[in-house]
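Next comes upload-v4.cif, with mmCIF, C-alpha atoms.
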```cif
data_work
#
loop_
_atom_site.label_atom_id
_atom_site.label_comp_id
_atom_site.auth_asym_id
_atom_site.auth_seq_id
_atom_site.Cartn_x
_atom_site.Cartn_y
_atom_site.Cartn_z
CA MET V 1 -17.11 -13.94 42.64
CA GLN V 2 -18.70 -10.55 42.00
CA ALA V 3 -19.68 -10.64 38.33
CA ALA V 4 -23.08 -9.13 37.69
CA ASP V 5 -23.96 -11.10 34.58
CA ALA V 6 -27.72 -11.32 34.20
CA VAL V 7 -29.46 -14.67 33.98
CA PRO V 8 -31.19 -14.45 30.59
CA ALA V 9 -34.90 -15.06 30.27
CA ALA V 10 -34.69 -15.01 26.50
CA GLY V 11 -34.01 -18.37 24.92
CA PHE V 12 -35.46 -20.35 27.81
CA ASP V 13 -36.79 -23.72 26.72
CA LYS V 14 -40.58 -23.41 26.84
CA ASN V 15 -40.93 -27.16 27.14
CA ALA V 16 -39.00 -27.07 30.42
CA GLU V 17 -41.20 -24.42 32.00
CA PRO V 18 -42.68 -25.65 35.29
CA ARG V 19 -46.38 -26.37 35.50
CA ILE V 20 -46.87 -24.01 38.43
CA PRO V 21 -50.35 -22.58 38.92
CA GLU V 22 -50.60 -18.83 39.47
CA GLU V 23 -52.00 -19.36 42.95
CA GLU V 24 -48.88 -21.26 44.07
CA ARG V 25 -46.24 -18.82 42.87
CA SER V 26 -46.41 -16.63 45.97
CA TYR V 27 -45.95 -19.63 48.25
CA ILE V 28 -42.96 -20.91 46.27
CA TYR V 29 -41.25 -17.52 46.40
CA GLN V 30 -41.83 -17.44 50.15
CA TRP V 31 -40.54 -21.00 50.50
CA PHE V 32 -37.28 -20.08 48.82
CA ALA V 33 -37.06 -16.93 50.96
CA GLY V 34 -37.31 -19.11 54.05
CA LEU V 35 -34.56 -21.45 52.87
CA PHE V 36 -32.12 -18.58 52.34
CA GLY V 37 -33.33 -16.43 55.22
CA ARG V 38 -32.45 -18.70 58.14
CA GLU V 39 -31.07 -22.09 59.01
CA LEU V 40 -33.21 -25.18 58.50
CA SER V 41 -33.78 -26.17 62.11
CA ALA V 42 -34.55 -29.68 63.30
CA GLU V 43 -38.09 -28.49 63.94
CA ALA V 44 -38.37 -27.30 60.34
CA LEU V 45 -37.10 -30.63 59.04
CA TRP V 46 -39.51 -32.53 61.27
CA SER V 47 -42.37 -30.48 59.80
CA TYR V 48 -41.75 -32.21 56.45
CA HIS V 49 -42.07 -35.59 58.10
CA ASP V 50 -45.81 -35.51 58.88
CA ASP V 51 -48.61 -36.04 56.38
CA ALA V 52 -48.92 -32.33 55.55
CA GLY V 53 -45.18 -31.99 55.05
CA GLN V 54 -45.03 -35.05 52.83
CA ALA V 55 -47.95 -33.73 50.78
CA LEU V 56 -46.07 -30.45 50.35
CA LEU V 57 -42.92 -32.20 49.14
CA ASP V 58 -44.99 -34.30 46.76
CA ARG V 59 -46.62 -31.16 45.34
CA LEU V 60 -43.34 -29.30 44.96
CA GLY V 61 -41.77 -32.41 43.49
CA SER V 62 -44.43 -32.51 40.78
CA TYR V 63 -42.92 -29.35 39.27
CA PRO V 64 -39.87 -30.35 37.17
CA LEU V 65 -37.69 -27.40 38.16
CA LEU V 66 -38.33 -27.89 41.88
CA ALA V 67 -38.22 -31.69 41.93
CA PRO V 68 -34.45 -32.01 42.65
CA LEU V 69 -34.72 -29.76 45.70
CA ALA V 70 -37.89 -31.46 46.98
CA GLU V 71 -36.12 -34.81 46.61
CA THR V 72 -33.10 -33.48 48.51
CA VAL V 73 -35.30 -32.35 51.40
CA GLY V 74 -36.95 -35.75 51.35
CA ASP V 75 -33.54 -37.40 51.65
CA LEU V 76 -32.73 -35.24 54.68
CA ILE V 77 -35.72 -36.58 56.58
CA ALA V 78 -35.54 -40.17 55.34
CA GLU V 79 -33.87 -41.31 58.59
CA PRO V 80 -35.74 -39.73 61.53
CA GLN V 81 -32.99 -40.65 63.99
CA ALA V 82 -30.53 -38.55 61.99
CA ILE V 83 -32.64 -35.39 61.63
CA GLU V 84 -31.07 -33.59 64.60
CA THR V 85 -27.57 -34.26 63.29
CA LYS V 86 -28.45 -33.21 59.78
CA ALA V 87 -30.01 -29.98 61.08
CA MET V 88 -26.77 -29.19 62.90
CA ASP V 89 -24.78 -29.88 59.74
CA LEU V 90 -27.06 -27.59 57.72
CA ALA V 91 -26.78 -24.86 60.35
CA GLY V 92 -23.01 -25.07 60.02
CA ALA V 93 -23.24 -24.87 56.23
CA PHE V 94 -25.59 -21.88 56.45
CA ALA V 95 -23.23 -20.04 58.82
CA TRP V 96 -20.22 -20.88 56.63
CA LEU V 97 -21.88 -19.62 53.47
CA PHE V 98 -24.18 -16.78 54.46
CA LEU V 99 -23.12 -15.54 57.91
CA GLY V 100 -19.45 -14.97 57.10
CA VAL V 101 -17.99 -17.93 59.00
CA GLY V 102 -16.29 -19.11 55.82
CA GLY V 103 -14.37 -15.87 55.47
CA ARG V 104 -13.37 -15.37 51.85
CA ARG V 105 -15.15 -18.62 51.03
CA SER V 106 -18.45 -17.20 52.26
CA VAL V 107 -21.23 -16.30 49.82
CA PRO V 108 -22.81 -12.99 50.86
CA PRO V 109 -26.54 -13.24 50.00
CA TYR V 110 -26.82 -9.57 49.03
CA GLU V 111 -27.31 -7.94 45.65
CA SER V 112 -24.85 -5.18 46.59
CA HIS V 113 -22.03 -7.70 46.90
CA TYR V 114 -22.52 -8.74 43.28
CA THR V 115 -23.38 -5.42 41.66
CA SER V 116 -21.19 -2.87 43.43
CA LYS V 117 -17.72 -2.19 42.04
CA ARG V 118 -15.84 -3.45 45.09
CA GLY V 119 -18.32 -6.02 46.33
CA LEU V 120 -19.34 -3.87 49.29
CA LEU V 121 -22.63 -4.17 51.15
CA PHE V 122 -25.21 -1.42 51.74
CA GLN V 123 -24.60 0.06 48.29
CA GLU V 124 -26.91 1.34 45.56
CA ALA V 125 -28.78 -1.97 45.27
CA SER V 126 -29.78 -1.74 48.92
CA ALA V 127 -31.10 1.79 48.50
CA GLN V 128 -32.96 0.91 45.31
CA THR V 129 -34.64 -2.10 46.92
CA ALA V 130 -35.56 0.05 49.91
CA ALA V 131 -37.21 2.53 47.52
CA VAL V 132 -39.36 -0.26 46.08
CA LEU V 133 -40.38 -1.32 49.58
CA ALA V 134 -41.40 2.24 50.39
CA GLU V 135 -43.29 2.68 47.11
CA PHE V 136 -45.42 -0.39 47.77
CA ASP V 137 -45.72 0.10 51.54
CA LEU V 138 -43.67 -2.98 52.38
CA HIS V 139 -41.41 -3.38 55.39
CA VAL V 140 -38.63 -5.75 56.41
CA ASP V 141 -39.64 -7.67 59.54
CA ALA V 142 -37.88 -6.24 62.59
CA ALA V 143 -36.96 -9.80 63.56
CA PHE V 144 -34.90 -10.09 60.36
CA PRO V 145 -32.09 -7.52 60.77
CA GLU V 146 -30.79 -7.61 57.22
CA PRO V 147 -30.52 -4.92 54.51
CA PRO V 148 -33.27 -4.75 51.86
CA ASP V 149 -31.13 -6.33 49.15
CA HIS V 150 -30.78 -9.63 51.03
CA ILE V 151 -31.98 -12.42 48.78
CA ALA V 152 -34.64 -13.51 51.28
CA VAL V 153 -36.10 -9.99 51.37
CA GLN V 154 -36.15 -9.71 47.59
CA LEU V 155 -37.84 -13.10 47.24
CA THR V 156 -40.41 -12.07 49.85
CA VAL V 157 -41.13 -8.93 47.82
CA MET V 158 -41.83 -11.11 44.79
CA ALA V 159 -44.08 -13.31 46.92
CA GLU V 160 -46.04 -10.26 48.02
CA PHE V 161 -46.39 -8.90 44.50
CA ALA V 162 -47.64 -12.30 43.31
CA ARG V 163 -50.12 -12.45 46.18
CA ARG V 164 -51.40 -8.94 45.50
CA ALA V 165 -51.86 -9.64 41.79
CA LEU V 166 -53.81 -12.80 42.58
CA GLU V 167 -56.07 -11.20 45.19
CA ALA V 168 -56.64 -7.80 43.56
CA ALA V 169 -60.28 -7.07 42.86
CA ASP V 170 -59.51 -4.02 40.74
CA PRO V 171 -57.97 -4.72 37.28
CA ALA V 172 -55.72 -1.68 37.55
CA GLN V 173 -54.33 -2.84 40.87
CA ARG V 174 -53.82 -6.33 39.48
CA GLN V 175 -51.90 -4.98 36.52
CA ARG V 176 -49.78 -2.75 38.75
CA SER V 177 -48.74 -5.79 40.80
CA ARG V 178 -48.02 -7.77 37.65
CA ASP V 179 -45.89 -4.96 36.24
CA ALA V 180 -44.09 -4.68 39.58
CA GLN V 181 -43.22 -8.38 39.47
CA LYS V 182 -41.74 -8.08 35.99
CA THR V 183 -39.68 -5.01 36.80
CA PHE V 184 -38.45 -6.26 40.16
CA LEU V 185 -37.49 -9.68 38.84
CA GLU V 186 -35.64 -8.26 35.85
CA THR V 187 -33.84 -5.46 37.69
CA ARG V 188 -33.29 -6.76 41.21
CA LEU V 189 -32.95 -10.56 41.09
CA LEU V 190 -31.96 -11.83 37.65
CA PRO V 191 -28.85 -9.61 37.31
CA TRP V 192 -27.07 -11.38 40.19
CA VAL V 193 -28.62 -14.71 41.18
CA GLY V 194 -26.64 -16.60 38.54
CA ALA V 195 -23.35 -15.52 40.11
CA PHE V 196 -24.77 -16.25 43.56
CA ARG V 197 -25.67 -19.77 42.42
CA ASP V 198 -22.20 -20.33 40.99
CA ASP V 199 -20.57 -19.22 44.25
CA CYS V 200 -22.82 -21.54 46.25
CA LYS V 201 -21.82 -24.43 43.99
CA ALA V 202 -18.15 -23.64 44.54
CA ALA V 203 -18.26 -23.14 48.31
CA ASP V 204 -21.11 -25.26 49.71
CA ARG V 205 -19.64 -28.33 51.36
CA SER V 206 -23.11 -29.62 52.30
CA ARG V 207 -24.33 -29.37 48.66
CA PHE V 208 -27.81 -28.55 49.96
CA TYR V 209 -27.59 -24.80 49.37
CA ALA V 210 -25.88 -25.35 46.03
CA MET V 211 -28.92 -27.40 45.03
CA ALA V 212 -31.33 -24.82 46.44
CA ALA V 213 -29.61 -21.96 44.60
CA SER V 214 -29.59 -23.90 41.34
CA CYS V 215 -33.31 -24.70 41.57
CA LEU V 216 -34.04 -21.11 42.56
CA VAL V 217 -32.33 -19.75 39.44
CA ASP V 218 -34.17 -22.25 37.24
CA PHE V 219 -37.45 -21.19 38.81
CA LEU V 220 -36.72 -17.46 38.46
CA VAL V 221 -35.76 -17.79 34.79
CA ALA V 222 -38.89 -19.82 34.08
CA ASP V 223 -41.04 -17.34 35.99
CA ALA V 224 -39.53 -14.42 34.10
CA HIS V 225 -40.47 -16.15 30.86
CA ARG V 226 -44.00 -16.79 32.12
CA ILE V 227 -44.43 -13.16 33.15
CA GLN V 228 -43.05 -11.94 29.82
CA ALA V 229 -45.40 -14.18 27.87
CA ALA V 230 -48.52 -13.44 29.94
CA PRO V 231 -51.17 -11.32 28.18
CA ARG V 232 -51.75 -7.85 29.60
#
```
Give the structure from this file in structure tokens form.
Amino acid sequence: MQAADAVPAAGFDKNAEPRIPEEERSYIYQWFAGLFGRELSAEALWSYHDDAGQALLDRLGSYPLLAPLAETVGDLIAEPQAIETKAMDLAGAFAWLFLGVGGRRSVPPYESHYTSKRGLLFQEASAQTAAVLAEFDLHVDAAFPEPPDHIAVQLTVMAEFARRALEAADPAQRQRSRDAQKTFLETRLLPWVGAFRDDCKAADRSRFYAMAASCLVDFLVADAHRIQAAPR
């Protein structure tokens, strides 16, 4: 599926908007980036099993739009003796969907795939995202050899903009980061994540990444509404 239909922020139910404090938005963006950036290893799953990990799942689960995904992660670690097996299953699902193992059933996690005419990678979306990175002095980690329009990179950019807005001491710098969030979300993520979600739902045999993509879209739409409604 390569349709580039935008996920609309307008018309979003205000009553369904998550109760997510400003100071947690950057972390949540980074959390989603991690889920779509690499496989959930057994070590990563085990990290949710200790007190700190359980507290994190409880906190994420307190936000209505993230609760289904937090509950799903909780189910994955409910049986400690099965964590290694479940991690292997998730690694297989990740490779099938996002690393091309599924062939035509794969779901390329790149904006270019959804917005270029022939679904090719390294197209205009990649160059445009790279320009944003350069403008704000951001760089893709050398340990993550993916083009700039990979969904994990774009979510990390949003995490950084949110962090900069929160930590800025100068009002002008804070507003610049807020404006950057709005523009980047509306132009780089919302135009294609809906189609990405739909493809994950159709192809994900594990159902985990279908759930993650669905919650991600809900979060992005809600965040776009929050940004749009925020006073300047």
Next item on the list: Show which residues sit within 9 Å of segment 53-62 of chain V, as JSON, numbers by chain. Count all atoms listed in the file, and ignore same-chain residues fewer than 6 positions away.
Entry: {"V": [18, 19, 28, 46, 47, 68, 69, 70, 71, 73, 74]}
Residues of segment 73-119 of chain V at most 8 Å from segment 36-45 of chain V: nearest atom pair and distance in Å, only C-alpha atoms, as CSV:
```
residue,atom,partner,partner_atom,distance
V:Leu76,CA,V:Leu45,CA,7.7
V:Ile77,CA,V:Leu45,CA,6.6
V:Ile83,CA,V:Ala42,CA,6.2
V:Glu84,CA,V:Ala42,CA,5.4
V:Lys86,CA,V:Ala42,CA,7.9
V:Ala87,CA,V:Ala42,CA,5.1
V:Met88,CA,V:Ser41,CA,7.7
V:Leu90,CA,V:Leu40,CA,6.7
V:Ala91,CA,V:Glu39,CA,5.3
V:Phe94,CA,V:Glu39,CA,6.1
```
Next item on the list: Apply the PyMOL selection byres ((chain V and resi 159) around 8) to the file shown and report the selected residues as a ChimeraX atom specification.
Entry: /V:25-30,155-158,160-163
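Our summary of the geometry notes that atom CA of Lys182 of chain V is positioned 10.8 Å from atom CA of Ala229 of chain V.
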Next item on the list: Anything within 12 Å of (-30.0, -26.7, 38.6): list those residues as a ChimeraX atom specification, counting only C-alpha atoms and sticking to the file's coordinates.
Entry: /V:64-69,194,197-198,200-201,207-221
Next item on the list: Kindly indicate which residue among V:Ala180, V:Val107, V:Leu99, V:Ala169 lies nearest to Ala202 of chain V, using only C-alpha atoms for the distances.
Entry: V:Val107
Next item on the list: Grab the atom CA of Phe196 of chain V to atom CA of Val132 of chain V distance for me, in Å with one decimal place.
Entry: 21.8 Å
